[in-house]
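Data from final-v6.pdb: PDB, C-alpha atoms
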```
ATOM      1  CA  MET A 349      10.267   5.731   6.659
ATOM      2  CA  ASN A 350       9.022   7.146   9.924
ATOM      3  CA  TRP A 351       8.179   3.670  11.235
ATOM      4  CA  ALA A 352      11.509   2.185  10.140
ATOM      5  CA  GLU A 353      13.459   5.018  11.779
ATOM      6  CA  LYS A 354      11.885   4.287  15.187
ATOM      7  CA  GLU A 355      13.788   2.288  17.766
ATOM      8  CA  PRO A 356      12.780  -1.391  17.424
ATOM      9  CA  SER A 357      11.329  -1.376  20.939
ATOM     10  CA  ASP A 358       9.123   1.637  20.052
ATOM     11  CA  ARG A 359       7.718   0.284  16.770
ATOM     12  CA  ALA A 360       4.984  -1.686  18.568
ATOM     13  CA  TYR A 361       3.361   1.636  19.506
ATOM     14  CA  PHE A 362       3.008   2.770  15.903
ATOM     15  CA  PRO A 363       0.945   1.350  13.031
ATOM     16  CA  ILE A 364       2.873  -1.177  10.975
ATOM     17  CA  PRO A 365       3.109  -0.144   7.307
ATOM     18  CA  LEU A 366       2.025  -2.978   5.003
ATOM     19  CA  LEU A 367       3.050  -2.681   1.365
ATOM     20  CA  ILE A 368       0.928  -4.874  -0.896
ATOM     21  CA  GLU A 369       2.318  -4.883  -4.414
ATOM     22  CA  LEU A 370      -0.862  -5.854  -6.208
ATOM     23  CA  ARG A 371       0.829  -7.347  -9.280
ATOM     24  CA  ILE A 372       2.695  -9.823  -7.046
ATOM     25  CA  CYS A 373      -0.333 -10.502  -4.873
ATOM     26  CA  ALA A 374      -2.521 -11.040  -7.962
ATOM     27  CA  ARG A 375       0.019 -13.441  -9.449
ATOM     28  CA  ASP A 376       0.140 -15.431  -6.194
ATOM     29  CA  LYS A 377      -3.649 -15.457  -6.036
ATOM     30  CA  ASN A 378      -3.860 -16.624  -9.651
ATOM     31  CA  GLU A 379      -1.398 -19.450  -8.865
ATOM     32  CA  ASN A 380      -3.460 -20.453  -5.778
ATOM     33  CA  LYS A 381      -0.634 -19.521  -3.388
ATOM     34  CA  CYS A 382      -2.945 -17.264  -1.394
ATOM     35  CA  ASP A 383      -6.616 -16.433  -1.248
ATOM     36  CA  ASN A 384      -6.535 -13.082   0.554
ATOM     37  CA  PHE A 385      -4.167 -10.396   1.793
ATOM     38  CA  LEU A 386      -3.538 -12.062   5.160
ATOM     39  CA  GLU A 387      -2.504 -15.279   3.447
ATOM     40  CA  PHE A 388      -0.352 -13.235   1.074
ATOM     41  CA  PHE A 389       1.624 -11.784   4.000
ATOM     42  CA  HIS A 390       1.802 -15.179   5.689
ATOM     43  CA  GLN A 391       2.958 -17.307   2.752
ATOM     44  CA  GLY A 392       3.070 -15.189  -0.401
ATOM     45  CA  ASN A 393       5.952 -14.272  -2.664
ATOM     46  CA  LEU A 394       7.495 -11.772  -0.237
ATOM     47  CA  PHE A 395      10.928 -11.060   1.181
ATOM     48  CA  CYS A 396       9.603 -11.259   4.747
ATOM     49  CA  HIS A 397       6.521 -13.159   5.949
ATOM     50  CA  LEU A 398       4.194 -12.122   8.758
ATOM     51  CA  ASN A 399       2.263 -14.447  11.011
ATOM     52  CA  GLN A 400      -1.342 -14.410   9.830
ATOM     53  CA  LEU A 401      -2.884 -14.521  13.320
ATOM     54  CA  SER A 402      -0.638 -11.781  14.721
ATOM     55  CA  LEU A 403      -1.262  -9.626  11.678
ATOM     56  CA  GLU A 404      -5.019 -10.047  11.955
ATOM     57  CA  SER A 405      -4.854  -8.988  15.593
ATOM     58  CA  GLN A 406      -2.978  -5.818  14.579
ATOM     59  CA  LEU A 407      -5.471  -5.129  11.776
ATOM     60  CA  LYS A 408      -8.500  -5.516  14.054
ATOM     61  CA  LYS A 409      -6.997  -2.932  16.412
ATOM     62  CA  GLY A 410      -6.312  -0.588  13.490
ATOM     63  CA  GLN A 411      -2.571  -0.818  14.144
ATOM     64  CA  ALA A 412      -1.576  -0.879  10.473
ATOM     65  CA  ILE A 413      -1.468   1.243   7.368
ATOM     66  CA  ALA A 414      -2.195  -0.753   4.209
ATOM     67  CA  LEU A 415      -0.514   0.519   1.047
ATOM     68  CA  PHE A 416      -2.075  -1.216  -1.958
ATOM     69  CA  ASP A 417       0.224  -0.370  -4.836
ATOM     70  CA  GLY A 418      -0.347  -0.672  -8.571
ATOM     71  CA  LEU A 419      -3.917  -1.746  -9.284
ATOM     72  CA  ASP A 420      -3.269  -0.832 -12.919
ATOM     73  CA  GLU A 421      -0.458  -3.417 -12.980
ATOM     74  CA  VAL A 422      -2.981  -6.250 -12.652
ATOM     75  CA  PHE A 423      -3.595  -6.693 -16.362
ATOM     76  CA  ASP A 424      -6.141  -9.525 -16.373
ATOM     77  CA  PRO A 425      -9.551  -7.783 -16.053
ATOM     78  CA  LYS A 426     -11.144 -10.709 -14.191
ATOM     79  CA  LEU A 427      -8.270 -10.920 -11.729
ATOM     80  CA  ARG A 428      -8.290  -7.122 -11.295
ATOM     81  CA  GLU A 429     -11.992  -7.319 -10.379
ATOM     82  CA  GLU A 430     -11.182  -9.993  -7.779
ATOM     83  CA  ILE A 431      -8.467  -7.775  -6.320
ATOM     84  CA  VAL A 432     -10.863  -4.795  -6.214
ATOM     85  CA  THR A 433     -13.375  -6.969  -4.350
ATOM     86  CA  ASP A 434     -10.636  -8.092  -1.962
ATOM     87  CA  ILE A 435      -9.629  -4.480  -1.258
ATOM     88  CA  LYS A 436     -13.219  -3.454  -0.558
ATOM     89  CA  ARG A 437     -13.698  -6.523   1.683
ATOM     90  CA  PHE A 438     -10.467  -5.645   3.512
ATOM     91  CA  SER A 439     -11.793  -2.122   4.147
ATOM     92  CA  ILE A 440     -15.001  -3.585   5.610
ATOM     93  CA  ASP A 441     -13.245  -6.242   7.711
ATOM     94  CA  TYR A 442     -10.711  -3.760   9.123
ATOM     95  CA  PRO A 443     -12.425  -0.359   9.174
ATOM     96  CA  GLU A 444      -9.856   1.199  11.523
ATOM     97  CA  VAL A 445      -6.938   0.495   9.184
ATOM     98  CA  LYS A 446      -5.850   3.454   7.098
ATOM     99  CA  MET A 447      -5.524   2.485   3.463
ATOM    100  CA  ILE A 448      -3.913   3.956   0.382
ATOM    101  CA  LEU A 449      -4.504   2.485  -3.058
ATOM    102  CA  THR A 450      -2.416   3.601  -6.017
ATOM    103  CA  SER A 451      -3.242   3.197  -9.663
ATOM    104  CA  ARG A 452      -2.649   5.024 -12.877
ATOM    105  CA  TRP A 453      -5.923   6.252 -14.300
ATOM    106  CA  LEU A 454      -5.853   3.573 -16.995
ATOM    107  CA  GLY A 455      -7.703   0.521 -15.712
ATOM    108  CA  TYR A 456      -9.035   2.338 -12.663
ATOM    109  CA  LYS A 457     -12.794   2.542 -12.205
ATOM    110  CA  ALA A 458     -13.405   5.239  -9.614
ATOM    111  CA  GLU A 459     -17.103   4.467  -9.172
ATOM    112  CA  GLU A 460     -16.270   1.078  -7.636
ATOM    113  CA  PHE A 461     -14.377   2.803  -4.840
ATOM    114  CA  ILE A 462     -16.610   5.869  -4.547
ATOM    115  CA  ASN A 463     -19.455   3.543  -3.586
ATOM    116  CA  ALA A 464     -17.180   2.065  -0.896
ATOM    117  CA  ASP A 465     -16.467   5.550   0.570
ATOM    118  CA  PHE A 466     -12.890   5.847  -0.680
ATOM    119  CA  GLU A 467     -11.523   9.334  -1.276
ATOM    120  CA  HIS A 468      -9.804  10.021  -4.587
ATOM    121  CA  PHE A 469      -6.796  12.155  -5.417
ATOM    122  CA  MET A 470      -4.986  12.771  -8.694
ATOM    123  CA  LEU A 471      -1.242  13.195  -8.284
ATOM    124  CA  GLN A 472       0.674  15.066 -10.907
ATOM    125  CA  ASP A 473       4.354  15.428 -11.710
ATOM    126  CA  LEU A 474       6.338  18.126  -9.948
ATOM    127  CA  ASP A 475       8.401  20.619 -11.912
ATOM    128  CA  GLN A 476      12.062  21.142 -10.967
ATOM    129  CA  ASP A 477      11.326  24.098  -8.637
ATOM    130  CA  GLN A 478       8.681  22.053  -6.789
ATOM    131  CA  ILE A 479      11.110  19.130  -6.467
ATOM    132  CA  ASN A 480      13.797  21.394  -5.009
ATOM    133  CA  ASP A 481      11.292  22.966  -2.608
ATOM    134  CA  PHE A 482      10.124  19.533  -1.447
ATOM    135  CA  ILE A 483      13.689  18.355  -0.856
ATOM    136  CA  GLN A 484      14.585  21.470   1.123
ATOM    137  CA  ARG A 485      11.458  21.266   3.293
ATOM    138  CA  ARG A 486      12.045  17.597   4.107
ATOM    139  CA  ASN A 487      15.715  18.197   4.934
ATOM    140  CA  TRP A 488      16.727  14.686   3.939
ATOM    141  CA  PRO A 489      20.340  13.696   4.604
ATOM    142  CA  PHE A 490      20.897  13.193   0.864
ATOM    143  CA  SER A 491      19.289  16.497  -0.168
ATOM    144  CA  GLU A 492      22.686  18.157  -0.768
ATOM    145  CA  THR A 493      23.599  15.405  -3.217
ATOM    146  CA  LEU A 494      20.338  15.814  -5.088
ATOM    147  CA  ARG A 495      20.728  19.575  -5.389
ATOM    148  CA  ARG A 496      24.167  19.368  -7.015
TER
END
```

I'd like the structure from this file rewritten - as structure tokens, please.
Amino acid sequence: MNWAEKEPSDRAYFPIPLLIELRICARDKNENKCDNFLEFFHQGNLFCHLNQLSLESQLKKGQAIALFDGLDEVFDPKLREEIVTDIKRFSIDYPEVKMILTSRWLGYKAEEFINADFEHFMLQDLDQDQINDFIQRRNWPFSETLRR
């Protein structure tokens, strides 16, 4: 949200957020539409494509935040292992890029990522008081609607 709210001319000075929905990426990989994450952004099943060479330049400079979402949504164990390998390779190829990987605990093997120096966090549901507190602290324009 912070990146999108910037003036278009200012966005070049901030890391580009890259959302990689792993179920879609895995499906494209399985159908031989892409072989890696750069190809996925260049020609994958996405709303908007990014030039592979420009993206790689940004990644090498660490000017991106990679959000790998839904590892648990890759149901084929063999394909999930390929995706895990791709994520670890990505972290080695672009060490300056901040990365976040989400997964439900089911199907997630922490030791694979612990050995690759990933940090692990368990998120839990908020109760109603915590939700209200979060909304008030953020001061979102729609917070009044949510509180009603």

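For segment 448-462 of chain A, the non-local neighbours within 7 Å, defined as residues at least 4 positions apart in the same chain or in other chains and counting all atoms listed in the file, are Ala414, Leu415, Phe416, Asp417, Gly418, Leu419, Asp420, Phe466 and Glu467 of chain A.
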
Put those residues in a file: C-alpha atoms, as a compact mmCIF listing (two decimals), in the coordinates of the input.
```
# COMPACT_ATOMS: atom_id res chain seq x y z
CA ALA A 414 -2.19 -0.75 4.21
CA LEU A 415 -0.51 0.52 1.05
CA PHE A 416 -2.08 -1.22 -1.96
CA ASP A 417 0.22 -0.37 -4.84
CA GLY A 418 -0.35 -0.67 -8.57
CA LEU A 419 -3.92 -1.75 -9.28
CA ASP A 420 -3.27 -0.83 -12.92
CA PHE A 466 -12.89 5.85 -0.68
CA GLU A 467 -11.52 9.33 -1.28
```

For the structure provided, state which residues fall under the PyMOL selection byres ((chain A and resi 441) around 12), and present them as a PDB file with C-alpha atoms, keeping the file's coordinate frame.
```pdb
ATOM      1  CA  ASN A 384      -6.535 -13.082   0.554  1.00  0.00           C
ATOM      2  CA  PHE A 385      -4.167 -10.396   1.793  1.00  0.00           C
ATOM      3  CA  LEU A 386      -3.538 -12.062   5.160  1.00  0.00           C
ATOM      4  CA  GLU A 404      -5.019 -10.047  11.955  1.00  0.00           C
ATOM      5  CA  SER A 405      -4.854  -8.988  15.593  1.00  0.00           C
ATOM      6  CA  LEU A 407      -5.471  -5.129  11.776  1.00  0.00           C
ATOM      7  CA  LYS A 408      -8.500  -5.516  14.054  1.00  0.00           C
ATOM      8  CA  LYS A 409      -6.997  -2.932  16.412  1.00  0.00           C
ATOM      9  CA  GLY A 410      -6.312  -0.588  13.490  1.00  0.00           C
ATOM     10  CA  ASP A 434     -10.636  -8.092  -1.962  1.00  0.00           C
ATOM     11  CA  ILE A 435      -9.629  -4.480  -1.258  1.00  0.00           C
ATOM     12  CA  LYS A 436     -13.219  -3.454  -0.558  1.00  0.00           C
ATOM     13  CA  ARG A 437     -13.698  -6.523   1.683  1.00  0.00           C
ATOM     14  CA  PHE A 438     -10.467  -5.645   3.512  1.00  0.00           C
ATOM     15  CA  SER A 439     -11.793  -2.122   4.147  1.00  0.00           C
ATOM     16  CA  ILE A 440     -15.001  -3.585   5.610  1.00  0.00           C
ATOM     17  CA  TYR A 442     -10.711  -3.760   9.123  1.00  0.00           C
ATOM     18  CA  PRO A 443     -12.425  -0.359   9.174  1.00  0.00           C
ATOM     19  CA  GLU A 444      -9.856   1.199  11.523  1.00  0.00           C
ATOM     20  CA  VAL A 445      -6.938   0.495   9.184  1.00  0.00           C
TER      21      VAL A 445
END
```

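The space separating atom CA of Cys382 of chain A from atom CA of Pro365 of chain A comes to 20.1 Å.
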
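In this comparison, which uses only C-alpha atoms, the residue of A:Ala360, A:Leu471, A:Val432, A:Ile368 approaching Gln406 of chain A most closely is A:Ala360.
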
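Computed from the coordinates, the atom CA of His468 of chain A to atom CA of Gln411 of chain A distance equals 22.8 Å.
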
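Counting all atoms listed in the file, the residue from A:Ile431, A:Ala412, A:Pro356, A:Glu387 that sits nearest to Gln400 of chain A is A:Glu387.
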
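Using only C-alpha atoms for every distance, the candidate list A:Asp481, A:Glu421, A:Glu430, A:Glu355 yields A:Glu421 as the residue closest to Ile372 of chain A.
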
Notebook entry, point to check: Got a sec: who's within 8 Å of Phe389 of chain A, counting all atoms listed in the file, leaving out chain neighbours fewer than 5 positions off, as a VMD selection string?
Noted result: chain A and resid 394 397 to 400

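Pairwise distance (atom CA of Leu403 of chain A, atom CA of Leu366 of chain A) equals 10.0 Å.
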